[in-house]
>>> print(open('entry-v8.txt').read())   # compact mmCIF, C-alpha atoms
# COMPACT_ATOMS: atom_id res chain seq x y z
CA MET A 274 125.98 16.69 131.33
CA ALA A 275 123.67 15.58 128.56
CA LEU A 276 125.47 13.70 125.79
CA VAL A 277 124.34 14.08 122.20
CA ASN A 278 123.40 11.09 120.07
CA GLU A 279 126.58 11.12 118.02
CA HIS A 280 125.04 8.99 115.29
CA PHE A 281 123.23 12.14 114.14
CA LEU A 282 126.63 13.70 113.51
CA LYS A 283 127.32 11.06 110.85
CA LEU A 284 124.46 12.31 108.69
CA PRO A 285 125.10 14.58 105.71
CA ASN A 286 124.87 18.23 106.75
CA ASN A 287 121.56 18.67 104.94
CA TYR A 288 118.73 16.50 103.72
CA LEU A 289 119.01 16.12 99.92
CA PHE A 290 116.09 18.39 99.12
CA ALA A 291 117.35 21.07 101.49
CA ASP A 292 120.58 21.19 99.48
CA ILE A 293 118.60 21.52 96.28
CA ALA A 294 116.49 24.35 97.72
CA LYS A 295 119.65 26.15 98.83
CA LYS A 296 121.17 26.01 95.35
CA VAL A 297 117.93 27.07 93.67
CA ASN A 298 117.47 30.00 96.06
CA ALA A 299 121.03 31.14 95.38
CA PHE A 300 120.31 31.05 91.64
CA LYS A 301 117.12 33.08 92.08
CA VAL A 302 118.97 35.74 94.06
CA SER A 303 121.56 36.15 91.32
CA HIS A 304 118.95 35.83 88.53
CA PRO A 305 115.90 37.64 89.93
CA HIS A 306 114.08 37.74 86.58
CA ALA A 307 114.49 34.05 85.77
CA ASP A 308 111.28 32.00 85.64
CA VAL A 309 112.33 28.76 87.35
CA ILE A 310 110.27 25.62 86.82
CA SER A 311 110.74 22.78 89.30
CA LEU A 312 110.54 19.17 88.18
CA GLY A 313 112.58 18.08 91.17
CA ILE A 314 110.91 17.69 94.56
CA GLY A 315 107.91 15.40 94.29
CA ASP A 316 105.20 17.67 95.65
CA VAL A 317 101.84 17.66 93.93
CA THR A 318 100.27 20.68 92.23
CA GLN A 319 96.66 19.72 91.45
CA PRO A 320 93.95 20.64 93.99
CA LEU A 321 92.16 18.11 96.15
CA CYS A 322 89.27 16.44 94.36
CA PRO A 323 85.69 17.61 95.06
CA ALA A 324 84.69 14.48 97.01
CA VAL A 325 87.59 15.05 99.40
CA ILE A 326 86.82 18.76 99.83
CA GLU A 327 83.19 17.96 100.57
CA ALA A 328 84.15 15.37 103.17
CA MET A 329 86.59 17.77 104.85
CA HIS A 330 84.01 20.56 105.01
CA LYS A 331 81.52 18.18 106.58
CA ALA A 332 84.12 16.97 109.09
CA VAL A 333 85.01 20.56 110.04
CA ASP A 334 81.32 21.28 110.61
CA GLU A 335 81.11 18.22 112.86
CA MET A 336 84.06 19.52 114.87
CA GLY A 337 82.13 22.76 115.37
CA SER A 338 79.22 21.14 117.20
CA SER A 339 79.29 19.73 120.72
CA ASP A 340 77.15 16.78 119.55
CA THR A 341 79.63 15.64 116.92
CA PHE A 342 82.94 17.06 118.17
CA ARG A 343 85.83 14.60 118.43
CA GLY A 344 88.96 14.91 120.52
CA TYR A 345 91.68 12.30 120.60
CA GLY A 346 90.95 9.53 118.15
CA PRO A 347 92.24 5.96 118.15
CA GLU A 348 96.01 5.86 117.75
CA GLN A 349 95.54 3.13 115.13
CA GLY A 350 93.02 5.14 113.11
CA TYR A 351 89.23 5.32 113.02
CA ALA A 352 87.41 2.10 112.17
CA PHE A 353 85.59 3.72 109.24
CA LEU A 354 88.88 4.34 107.41
CA ARG A 355 90.60 1.08 108.34
CA GLU A 356 87.60 -0.89 107.13
CA ALA A 357 87.46 1.12 103.91
CA ILE A 358 91.14 0.37 103.31
CA VAL A 359 90.62 -3.37 103.71
CA LYS A 360 87.52 -3.34 101.50
CA ASN A 361 88.91 -1.19 98.69
CA ASP A 362 92.69 -1.57 98.61
CA TYR A 363 93.07 -5.26 99.42
CA LEU A 364 89.93 -7.39 99.03
CA PRO A 365 89.65 -6.67 95.27
CA ARG A 366 93.15 -8.18 94.91
CA GLY A 367 92.24 -11.28 96.90
CA ILE A 368 94.07 -10.10 100.02
CA HIS A 369 92.25 -10.63 103.30
CA LEU A 370 93.37 -8.32 106.10
CA ASP A 371 92.01 -7.64 109.56
CA PRO A 372 91.36 -3.91 110.16
CA ASN A 373 93.49 -4.32 113.29
CA GLU A 374 96.45 -4.91 110.97
CA ILE A 375 96.03 -1.38 109.54
CA PHE A 376 97.67 1.58 111.28
CA VAL A 377 96.68 5.00 109.95
CA ASN A 378 99.45 7.62 110.10
CA ASP A 379 100.26 11.17 108.97
CA GLY A 380 101.99 10.01 105.80
CA ALA A 381 104.27 7.17 104.78
CA LYS A 382 107.48 9.11 105.43
CA SER A 383 106.91 9.02 109.21
CA ASP A 384 106.39 5.29 109.45
CA THR A 385 109.09 4.29 106.95
CA GLY A 386 111.48 6.22 109.17
CA ASN A 387 110.11 5.07 112.51
CA ILE A 388 109.49 1.39 111.74
CA GLN A 389 113.13 0.48 112.34
CA GLU A 390 112.54 1.12 116.07
CA LEU A 391 110.93 -2.33 116.26
CA VAL A 392 114.22 -4.16 115.70
CA ARG A 393 117.60 -4.19 117.44
CA TRP A 394 120.24 -1.67 116.47
CA ASP A 395 122.63 -4.44 115.39
CA ASN A 396 120.42 -5.97 112.72
CA SER A 397 121.91 -5.92 109.23
CA ILE A 398 120.03 -4.02 106.53
CA GLY A 399 119.96 -4.25 102.76
CA VAL A 400 118.79 -1.53 100.40
CA THR A 401 118.29 -1.16 96.69
CA ASP A 402 120.61 1.50 95.30
CA PRO A 403 119.56 4.19 94.44
CA ILE A 404 117.13 4.58 97.31
CA TYR A 405 114.80 7.04 99.05
CA PRO A 406 117.13 8.80 101.58
CA VAL A 407 114.83 8.36 104.60
CA TYR A 408 115.48 4.61 104.71
CA ILE A 409 119.20 5.09 105.19
CA ASP A 410 119.13 8.23 107.34
CA SER A 411 116.72 6.76 109.90
CA ASN A 412 119.06 3.79 110.35
CA VAL A 413 122.06 6.09 110.65
CA MET A 414 120.31 7.91 113.50
CA ILE A 415 120.05 4.75 115.57
CA GLY A 416 123.60 3.57 114.80
CA ARG A 417 122.70 0.69 112.52
CA ALA A 418 124.37 1.96 109.33
CA GLY A 419 127.98 2.19 110.52
CA VAL A 420 130.21 4.82 108.94
CA VAL A 421 130.65 6.18 105.42
CA GLN A 422 133.42 4.54 103.42
CA ASP A 423 133.90 5.50 99.75
CA GLY A 424 130.38 6.90 99.59
CA LYS A 425 128.72 3.86 101.16
CA TRP A 426 127.69 3.01 104.71
CA SER A 427 129.84 0.23 106.11
CA ASN A 428 127.03 -1.82 107.68
CA VAL A 429 124.60 -1.56 104.77
CA VAL A 430 124.30 -4.16 102.01
CA TYR A 431 123.79 -2.30 98.74
CA MET A 432 121.87 -3.92 95.88
CA PRO A 433 122.59 -1.83 92.77
CA CYS A 434 119.75 -1.11 90.35
CA THR A 435 121.26 -0.05 87.05
CA ALA A 436 120.52 -0.13 83.36
CA GLU A 437 122.86 -3.11 83.10
CA ASN A 438 120.59 -5.26 85.30
CA ASN A 439 117.39 -3.65 84.01
CA PHE A 440 116.97 -1.97 87.41
CA THR A 441 116.19 -5.35 88.98
CA PRO A 442 118.15 -5.79 92.23
CA GLN A 443 120.03 -9.01 92.77
CA ILE A 444 119.04 -11.22 95.70
CA PRO A 445 121.89 -11.01 98.28
CA ASP A 446 124.25 -13.98 98.31
CA LYS A 447 124.25 -13.87 102.11
CA ARG A 448 121.66 -13.52 104.83
CA VAL A 449 120.43 -9.99 105.61
CA ASP A 450 118.12 -9.27 108.56
CA ILE A 451 116.08 -6.43 107.02
CA ILE A 452 115.46 -5.55 103.36
CA TYR A 453 113.97 -2.27 102.11
CA LEU A 454 112.02 -2.45 98.85
CA CYS A 455 110.08 0.37 97.16
CA TYR A 456 107.84 -0.33 94.16
CA PRO A 457 106.95 1.47 91.99
CA ASN A 458 110.39 2.74 92.78
CA ASN A 459 111.38 6.15 94.00
CA PRO A 460 113.60 7.48 92.42
CA THR A 461 113.91 5.30 89.29
CA GLY A 462 110.20 4.96 88.47
CA THR A 463 110.72 1.28 87.66
CA VAL A 464 108.49 -1.58 88.79
CA ILE A 465 108.85 -5.18 89.87
CA SER A 466 107.10 -8.21 88.38
CA LYS A 467 105.28 -10.79 90.47
CA GLU A 468 107.95 -13.33 89.57
CA GLU A 469 110.76 -11.11 90.86
CA LEU A 470 108.81 -10.10 93.98
CA ARG A 471 108.13 -13.76 94.71
CA LYS A 472 111.92 -14.34 94.76
CA TRP A 473 112.24 -11.72 97.52
CA VAL A 474 109.44 -13.22 99.59
CA ASN A 475 110.95 -16.70 99.21
CA TYR A 476 114.34 -15.32 100.24
CA ALA A 477 112.79 -13.71 103.31
CA LEU A 478 110.96 -16.91 104.28
CA LYS A 479 114.11 -18.99 103.87
CA ASN A 480 116.41 -16.58 105.74
CA ASP A 481 113.99 -15.26 108.38
CA THR A 482 114.37 -11.79 106.88
CA LEU A 483 112.03 -8.86 107.45
CA ILE A 484 110.93 -6.85 104.38
CA PHE A 485 109.89 -3.20 104.66
CA TYR A 486 107.85 -2.68 101.48
CA ASP A 487 107.05 0.89 100.43
CA ALA A 488 104.09 0.87 98.02
CA ALA A 489 103.34 4.60 98.19
CA TYR A 490 103.04 4.89 94.39
CA GLU A 491 101.04 1.75 93.63
CA ALA A 492 98.06 3.77 92.33
CA TYR A 493 100.19 4.84 89.35
CA ILE A 494 100.68 1.31 88.04
CA GLN A 495 99.20 1.02 84.54
CA ASP A 496 100.30 -2.52 83.68
CA PRO A 497 97.76 -5.02 85.10
CA SER A 498 100.43 -7.69 85.51
CA ILE A 499 102.43 -5.61 88.01
CA PRO A 500 101.66 -6.28 91.72
CA HIS A 501 100.20 -3.42 93.75
CA SER A 502 100.91 -5.07 97.11
CA ILE A 503 103.53 -7.48 98.39
CA TYR A 504 100.68 -9.44 99.97
CA GLU A 505 99.69 -10.60 96.50
CA ILE A 506 102.59 -13.03 96.98
CA LYS A 507 101.91 -16.14 99.04
CA GLY A 508 103.75 -16.12 102.36
CA ALA A 509 104.39 -12.36 102.40
CA ARG A 510 102.20 -11.84 105.48
CA LYS A 511 104.82 -13.75 107.47
CA VAL A 512 107.73 -11.55 106.43
CA ALA A 513 106.59 -8.09 105.24
CA ILE A 514 105.35 -4.74 106.49
CA GLU A 515 103.75 -2.56 103.82
CA PHE A 516 103.49 1.25 103.66
CA ARG A 517 100.87 3.21 101.70
CA SER A 518 100.15 6.91 101.32
CA TYR A 519 97.42 9.25 100.09
CA SER A 520 100.00 11.98 99.44
CA LYS A 521 100.61 11.24 95.77
CA THR A 522 97.52 9.09 95.22
CA ALA A 523 95.05 11.83 96.19
CA GLY A 524 97.18 14.95 96.61
CA PHE A 525 97.41 14.76 100.41
CA THR A 526 100.93 16.18 100.74
CA GLY A 527 99.43 19.06 102.73
CA VAL A 528 96.64 17.06 104.38
CA ARG A 529 98.86 14.27 105.74
CA CYS A 530 97.45 10.76 105.82
CA GLY A 531 98.72 7.29 105.00
CA TYR A 532 98.83 3.87 106.60
CA THR A 533 101.04 0.94 107.47
CA VAL A 534 100.09 -2.74 107.37
CA VAL A 535 101.59 -5.00 110.05
CA PRO A 536 100.15 -8.53 109.69
CA LYS A 537 99.45 -10.52 112.84
CA GLU A 538 101.46 -13.47 111.51
CA LEU A 539 104.60 -11.34 111.31
CA THR A 540 107.13 -12.04 114.06
CA ALA A 541 110.74 -11.33 114.96
CA SER A 542 112.96 -13.18 117.38
CA THR A 543 114.54 -12.35 120.72
CA ILE A 544 118.15 -13.40 121.29
CA GLN A 545 116.75 -16.34 123.28
CA GLY A 546 114.73 -17.44 120.24
CA GLU A 547 111.27 -16.39 121.37
CA ARG A 548 109.05 -15.22 118.50
CA ILE A 549 107.40 -11.87 119.15
CA PRO A 550 104.41 -10.59 117.09
CA LEU A 551 105.33 -7.22 115.57
CA ASN A 552 101.71 -6.15 115.22
CA HIS A 553 101.44 -5.94 119.01
CA LEU A 554 104.78 -4.12 119.33
CA TRP A 555 103.90 -1.54 116.68
CA ASN A 556 100.56 -0.95 118.34
CA ARG A 557 102.34 -0.40 121.65
CA ARG A 558 104.78 1.99 120.01
CA GLN A 559 102.01 3.99 118.34
CA CYS A 560 100.02 4.26 121.57
CA THR A 561 103.10 5.72 123.27
CA LYS A 562 104.41 8.05 120.58
CA PHE A 563 101.48 8.92 118.32
CA ASN A 564 98.14 10.57 119.09
CA GLY A 565 96.53 9.57 115.83
CA THR A 566 95.86 11.26 112.51
CA SER A 567 93.28 14.04 112.60
CA TYR A 568 89.63 13.13 112.16
CA ILE A 569 89.35 15.63 109.31
CA SER A 570 92.23 14.02 107.39
CA GLN A 571 90.81 10.54 107.91
CA LYS A 572 87.36 11.56 106.66
CA ALA A 573 89.10 13.07 103.63
CA ALA A 574 90.92 9.77 103.03
CA GLU A 575 87.70 7.81 103.39
CA ALA A 576 86.14 9.97 100.67
CA THR A 577 88.70 8.74 98.14
CA TYR A 578 86.97 5.35 98.31
CA SER A 579 83.51 6.69 97.39
CA ALA A 580 82.34 6.13 93.82
CA ALA A 581 82.88 9.80 93.00
CA GLY A 582 86.16 9.91 94.89
CA LYS A 583 87.60 6.95 92.99
CA GLU A 584 86.80 8.52 89.62
CA GLN A 585 88.15 11.92 90.62
CA VAL A 586 91.39 10.46 92.01
CA LYS A 587 91.80 8.42 88.83
CA GLU A 588 91.49 11.62 86.77
CA VAL A 589 94.24 13.34 88.76
CA ILE A 590 96.54 10.33 88.41
CA SER A 591 95.85 10.34 84.67
CA TYR A 592 96.77 14.03 84.58
CA TYR A 593 100.16 13.36 86.15
CA MET A 594 100.81 10.31 84.01
CA THR A 595 100.11 12.41 80.92
CA ASN A 596 102.79 14.80 82.18
CA ALA A 597 105.11 11.81 82.49
CA LYS A 598 104.42 10.80 78.89
CA ILE A 599 105.08 14.34 77.65
CA MET A 600 108.45 14.33 79.41
CA TYR A 601 109.31 10.81 78.35
CA ASP A 602 108.50 11.46 74.68
CA THR A 603 110.39 14.76 74.59
CA LEU A 604 113.55 13.43 76.19
CA THR A 605 113.68 10.18 74.21
CA SER A 606 113.20 12.18 70.99
CA LEU A 607 116.47 13.90 71.89
CA GLY A 608 118.22 10.55 72.14
CA ILE A 609 118.41 10.62 75.93
CA GLU A 610 118.04 7.39 77.90
CA VAL A 611 114.93 7.55 80.10
CA TYR A 612 113.57 4.94 82.51
CA GLY A 613 110.34 4.86 84.50
CA GLY A 614 107.49 7.25 83.79
CA GLN A 615 105.15 4.50 82.56
CA ASN A 616 103.96 2.90 85.81
CA ALA A 617 105.18 5.62 88.14
CA PRO A 618 105.24 9.43 88.35
CA TYR A 619 109.06 9.51 88.29
CA LEU A 620 111.46 9.52 85.35
CA TRP A 621 115.05 8.41 85.77
CA VAL A 622 117.13 10.20 83.17
CA LYS A 623 120.71 9.40 82.19
CA THR A 624 122.76 12.57 81.95
CA PRO A 625 124.13 13.28 78.45
CA ASP A 626 127.85 12.84 77.80
CA GLY A 627 128.43 11.17 81.18
CA SER A 628 128.01 14.39 83.15
CA GLY A 629 127.95 14.10 86.94
CA SER A 630 124.53 14.40 88.56
CA TRP A 631 125.18 17.66 90.41
CA ARG A 632 127.00 19.16 87.43
CA PHE A 633 124.06 18.44 85.13
CA PHE A 634 121.65 19.74 87.79
CA GLU A 635 123.47 23.09 87.71
CA GLN A 636 123.70 23.14 83.91
CA MET A 637 119.96 22.53 83.61
CA LEU A 638 119.20 25.20 86.20
CA TYR A 639 121.44 27.86 84.65
CA ASN A 640 120.75 27.08 80.98
CA ALA A 641 117.08 26.08 80.99
CA HIS A 642 115.94 27.40 84.37
CA VAL A 643 114.53 23.95 85.16
CA VAL A 644 115.11 22.12 88.46
CA CYS A 645 115.74 18.37 88.67
CA THR A 646 116.99 16.11 91.46
CA PRO A 647 120.59 14.83 91.18
CA GLY A 648 120.53 11.04 91.12
CA VAL A 649 123.63 10.64 93.27
CA GLY A 650 121.62 12.08 96.15
CA PHE A 651 119.77 8.76 96.23
CA GLY A 652 122.91 6.65 96.49
CA PRO A 653 126.13 5.72 94.67
CA SER A 654 124.36 4.00 91.77
CA GLY A 655 122.45 7.21 91.10
CA GLU A 656 125.54 8.99 89.82
CA GLY A 657 125.14 9.95 86.20
CA TYR A 658 121.35 10.24 86.46
CA ILE A 659 118.75 12.82 87.43
CA ARG A 660 115.19 12.34 88.64
CA LEU A 661 112.26 14.24 87.17
CA THR A 662 108.75 14.19 88.63
CA ALA A 663 105.43 14.35 86.80
CA PHE A 664 103.64 16.26 89.56
CA GLY A 665 103.91 19.68 87.94
CA ASP A 666 101.27 21.86 86.34
CA ARG A 667 100.68 20.89 82.69
CA ASN A 668 101.65 24.29 81.31
CA ASN A 669 104.86 24.27 83.33
CA CYS A 670 105.61 20.72 82.25
CA GLU A 671 105.21 21.60 78.57
CA GLU A 672 107.21 24.81 78.97
CA ALA A 673 110.00 22.95 80.74
CA MET A 674 110.17 20.38 77.93
CA GLU A 675 110.32 23.16 75.32
CA ARG A 676 113.22 24.72 77.19
CA LEU A 677 115.05 21.41 77.51
CA HIS A 678 114.46 20.60 73.83
CA LYS A 679 115.86 23.97 72.80
CA TRP A 680 118.85 23.71 75.15
CA LEU A 681 119.82 20.07 74.59
CA LYS A 682 119.23 20.03 70.84
>>> encode(input="entry-v8.txt", output="structure tokens")
Amino acid sequence: MALVNEHFLKLPNNYLFADIAKKVNAFKVSHPHADVISLGIGDVTQPLCPAVIEAMHKAVDEMGSSDTFRGYGPEQGYAFLREAIVKNDYLPRGIHLDPNEIFVNDGAKSDTGNIQELVRWDNSIGVTDPIYPVYIDSNVMIGRAGVVQDGKWSNVVYMPCTAENNFTPQIPDKRVDIIYLCYPNNPTGTVISKEELRKWVNYALKNDTLIFYDAAYEAYIQDPSIPHSIYEIKGARKVAIEFRSYSKTAGFTGVRCGYTVVPKELTASTIQGERIPLNHLWNRRQCTKFNGTSYISQKAAEATYSAAGKEQVKEVISYYMTNAKIMYDTLTSLGIEVYGGQNAPYLWVKTPDGSGSWRFFEQMLYNAHVVCTPGVGFGPSGEGYIRLTAFGDRNNCEEAMERLHKWLK
């Protein structure tokens, strides 16, 4: 008989956002006339910019002609997009990449979950806490995380990010094989300085540690001193894989496109001590399991690098960051502790009076008809916080803040 992968049975019954949707739907059934505003799940609301729409229309027309039709594309991504990525995302920051180090995907979520296939199941992992759930869940599925004990996975090294340490994770006092970092951070909206990021790269170089660096929200950084890429740090090419996405940068949550950078210098070891280039292994994996991102999506992504596309994307990011400021100013005026929201589209809000995350989620839903994300869903250190996102419509954002001001005051 076929035996199930029992590691899947260790996962929580539902993905965090499925639990939220279930609770919200139950509320709507019992309160059919309530106008619910969601500031929880981080989906975008603004339409694709004109340059992207124009590029997609043109690509669709090309697919409708036998002379320009395209079938399977390169599993790694079309050269036109990979070269545009190198030229626009990295060269201006003094980072020199080979286009063959770029792997275009259908969004960062896929690769941040799948990348752990490159390393043995018995590698140790370290995560900042709170953390994006996909990092943990994908490791649970392969058996790397162990079992849950007192709300934590037994084989995971947790690095708490709290107000007490200014949301700056401490370098582990022991060797860890793989470290997950996400900056600007989801869920806390906090960022990391070059000095702090350099400490992580130095740790990885010293301990032969692999860093998985999620930079999906780098376009929201407003402070010029904050690094946009881990490769701004000397030596990072030897220890880090970086993930980027057009989902929140250009509103591609429904279009699906992102990319992963696997430098050629990056290696991992066999048990016998042989160093194996991970660029080659990831390429082999993609050729086996991935048929490439659609041509239409990649042409849309390329358009974000045009002169018009850059300006239009910048306008949308400014729109969301204005939402973030509206939320930040409203909540802080009520005496509530708020973090993030200045270099990221997320706000990390301490619940008043020490309320539990899920309890405050329900109070906000029932009293203000506003949806948030309970912080504890991102890990033990998230208890006592909620996450708000700036991706809503402006009118909804302002209405939600009016409701919260009225309720909390």
>>> closest_atom_pairs(input="entry-v8.txt", of="segment 486-586 of chain A", to="segment 449-452 of chain A", cutoff="12 Å", atoms="only C-alpha atoms", output="CSV")
residue,atom,partner,partner_atom,distance
A:Tyr486,CA,A:Ile452,CA,8.3
A:Asp487,CA,A:Ile452,CA,11.0
A:Val512,CA,A:Ile451,CA,9.8
A:Ala513,CA,A:Ile452,CA,9.4
A:Ile514,CA,A:Ile452,CA,10.6
A:Ala541,CA,A:Asp450,CA,10.0
A:Ser542,CA,A:Asp450,CA,10.9
>>> atom_distance(input="entry-v8.txt", atom1="atom CA of Val277 of chain A", atom2="atom CA of Gly380 of chain A")
28.0 Å
>>> atom_distance(input="entry-v8.txt", atom1="atom CA of Tyr351 of chain A", atom2="atom CA of Tyr490 of chain A")
23.2 Å
>>> closest_residue(input="entry-v8.txt", among="A:Met594, A:Gly386, A:Ser570, A:Gly582", to="Val333 of chain A", atoms="all atoms listed in the file")
A:Ser570
>>> closest_residue(input="entry-v8.txt", among="A:Gln495, A:Thr603, A:Gln571, A:Thr482", to="Lys682 of chain A", atoms="all atoms listed in the file")
A:Thr603
>>> closest_residue(input="entry-v8.txt", among="A:Cys645, A:Ile599, A:Ile569, A:Val407", to="Ala332 of chain A", atoms="only C-alpha atoms")
A:Ile569
>>> closest_atom_pairs(input="entry-v8.txt", of="segment 602-639 of chain A", to="segment 304-318 of chain A", cutoff="12 Å", atoms="only C-alpha atoms", output="JSON lines")
{"residue": "A:Ala617", "atom": "CA", "partner": "A:Gly315", "partner_atom": "CA", "distance": 11.9}
{"residue": "A:Pro618", "atom": "CA", "partner": "A:Gly315", "partner_atom": "CA", "distance": 8.8}
{"residue": "A:Tyr619", "atom": "CA", "partner": "A:Gly315", "partner_atom": "CA", "distance": 8.5}
{"residue": "A:Leu620", "atom": "CA", "partner": "A:Leu312", "partner_atom": "CA", "distance": 10.1}
{"residue": "A:Trp621", "atom": "CA", "partner": "A:Gly313", "partner_atom": "CA", "distance": 11.3}
{"residue": "A:Phe634", "atom": "CA", "partner": "A:Gly313", "partner_atom": "CA", "distance": 9.8}
{"residue": "A:Met637", "atom": "CA", "partner": "A:Val309", "partner_atom": "CA", "distance": 10.5}
{"residue": "A:Leu638", "atom": "CA", "partner": "A:Val309", "partner_atom": "CA", "distance": 7.8}
{"residue": "A:Tyr639", "atom": "CA", "partner": "A:His304", "partner_atom": "CA", "distance": 9.2}
>>> closest_residue(input="entry-v8.txt", among="A:Glu437, A:Gly416, A:Asp340, A:Gly350", to="Asn278 of chain A", atoms="only C-alpha atoms")
A:Gly416
>>> closest_residue(input="entry-v8.txt", among="A:Leu604, A:Leu354, A:Val589, A:Ala573", to="Thr522 of chain A", atoms="all atoms listed in the file")
A:Val589
>>> closest_residue(input="entry-v8.txt", among="A:Asn428, A:Thr577, A:Gln389, A:Thr401", to="Phe525 of chain A", atoms="only C-alpha atoms")
A:Thr577
>>> atom_distance(input="entry-v8.txt", atom1="atom CA of Asp410 of chain A", atom2="atom CA of Glu348 of chain A")
25.5 Å
>>> residues_around(input="entry-v8.txt", residues="Phe485 of chain A", least_positions_apart="2", cutoff="12 Å", atoms="all atoms listed in the file", output="ChimeraX atom specification")
/A:381,384-389,391-392,398-401,408,450-456,473-474,477,482-483,487-488,502-503,509-510,512-517,533-535,539
>>> residues_near_point(input="entry-v8.txt", point="(129.9, 9.3, 84.6)", cutoff="8 Å", atoms="only C-alpha atoms", output="list in words")
Asp626, Gly627, Ser628, Gly629, Glu656 and Gly657 of chain A
>>> residues_around(input="entry-v8.txt", residues="Asp379 of chain A", least_positions_apart="6", cutoff="8 Å", atoms="only C-alpha atoms", output="short mmCIF file (atom, residue, chain, number, x, y, z; two decimals) with C-alpha atoms, keeping the file's coordinate frame")
data_model
loop_
_atom_site.label_atom_id
_atom_site.label_comp_id
_atom_site.auth_asym_id
_atom_site.auth_seq_id
_atom_site.Cartn_x
_atom_site.Cartn_y
_atom_site.Cartn_z
CA ARG A 529 98.86 14.27 105.74
CA CYS A 530 97.45 10.76 105.82
CA GLY A 531 98.72 7.29 105.00
CA TYR A 532 98.83 3.87 106.60
CA GLY A 565 96.53 9.57 115.83
CA THR A 566 95.86 11.26 112.51
#
>>> residues_around(input="entry-v8.txt", residues="Arg417 of chain A", least_positions_apart="2", cutoff="8 Å", atoms="only C-alpha atoms", output="list in words")
Trp394, Asp395, Asn396, Ser397, Asn412, Val413, Met414, Ile415, Gly419 and Asn428 of chain A
>>> residues_around(input="entry-v8.txt", residues="Asn640 of chain A", least_positions_apart="5", cutoff="10 Å", atoms="all atoms listed in the file", output="PDB file with C-alpha atoms, in the coordinates of the input")
ATOM      1  CA  GLU A 635     123.470  23.090  87.710  1.00  0.00           C
ATOM      2  CA  ARG A 676     113.220  24.720  77.190  1.00  0.00           C
ATOM      3  CA  LEU A 677     115.050  21.410  77.510  1.00  0.00           C
ATOM      4  CA  TRP A 680     118.850  23.710  75.150  1.00  0.00           C
ATOM      5  CA  LEU A 681     119.820  20.070  74.590  1.00  0.00           C
TER       6      LEU A 681
END
>>> residues_around(input="entry-v8.txt", residues="Gly652 of chain A", least_positions_apart="6", cutoff="12 Å", atoms="all atoms listed in the file", output="JSON, numbers by chain")
{"A": [289, 400, 401, 402, 403, 404, 405, 406, 407, 408, 409, 410, 421, 423, 424, 425, 426, 429, 431, 432, 433, 434, 435, 459, 460, 461, 630, 658, 659]}
>>> decode(input="entry-v8.txt", residues="segment 599-607 of chain A", atoms="N, CA, C and O atoms", output="mmCIF file, in the first residue's frame")
data_model
loop_
_atom_site.group_PDB
_atom_site.id
_atom_site.type_symbol
_atom_site.label_atom_id
_atom_site.label_comp_id
_atom_site.auth_asym_id
_atom_site.auth_seq_id
_atom_site.Cartn_x
_atom_site.Cartn_y
_atom_site.Cartn_z
ATOM 1 N N ILE A 599 -1.005 56.805 7.147
ATOM 2 C CA ILE A 599 -2.332 57.094 7.715
ATOM 3 C C ILE A 599 -2.611 56.159 8.892
ATOM 4 O O ILE A 599 -3.064 56.596 9.960
ATOM 5 N N MET A 600 -2.326 54.883 8.710
ATOM 6 C CA MET A 600 -2.551 53.908 9.786
ATOM 7 C C MET A 600 -1.614 54.153 10.955
ATOM 8 O O MET A 600 -2.041 54.128 12.123
ATOM 9 N N TYR A 601 -0.363 54.388 10.645
ATOM 10 C CA TYR A 601 0.634 54.609 11.699
ATOM 11 C C TYR A 601 0.256 55.830 12.542
ATOM 12 O O TYR A 601 0.250 55.769 13.793
ATOM 13 N N ASP A 602 -0.083 56.945 11.881
ATOM 14 C CA ASP A 602 -0.414 58.172 12.605
ATOM 15 C C ASP A 602 -1.678 58.008 13.449
ATOM 16 O O ASP A 602 -1.745 58.483 14.595
ATOM 17 N N THR A 603 -2.676 57.323 12.897
ATOM 18 C CA THR A 603 -3.926 57.136 13.642
ATOM 19 C C THR A 603 -3.705 56.313 14.897
ATOM 20 O O THR A 603 -4.149 56.681 15.994
ATOM 21 N N LEU A 604 -3.009 55.194 14.737
ATOM 22 C CA LEU A 604 -2.834 54.284 15.866
ATOM 23 C C LEU A 604 -1.923 54.869 16.940
ATOM 24 O O LEU A 604 -2.189 54.730 18.134
ATOM 25 N N THR A 605 -0.844 55.528 16.524
ATOM 26 C CA THR A 605 0.049 56.119 17.525
ATOM 27 C C THR A 605 -0.640 57.269 18.258
ATOM 28 O O THR A 605 -0.346 57.515 19.438
ATOM 29 N N SER A 606 -1.561 57.972 17.580
ATOM 30 C CA SER A 606 -2.296 59.050 18.252
ATOM 31 C C SER A 606 -3.183 58.515 19.363
ATOM 32 O O SER A 606 -3.570 59.256 20.277
ATOM 33 N N LEU A 607 -3.505 57.221 19.278
ATOM 34 C CA LEU A 607 -4.316 56.577 20.313
ATOM 35 C C LEU A 607 -3.452 55.976 21.419
ATOM 36 O O LEU A 607 -3.969 55.320 22.332
#
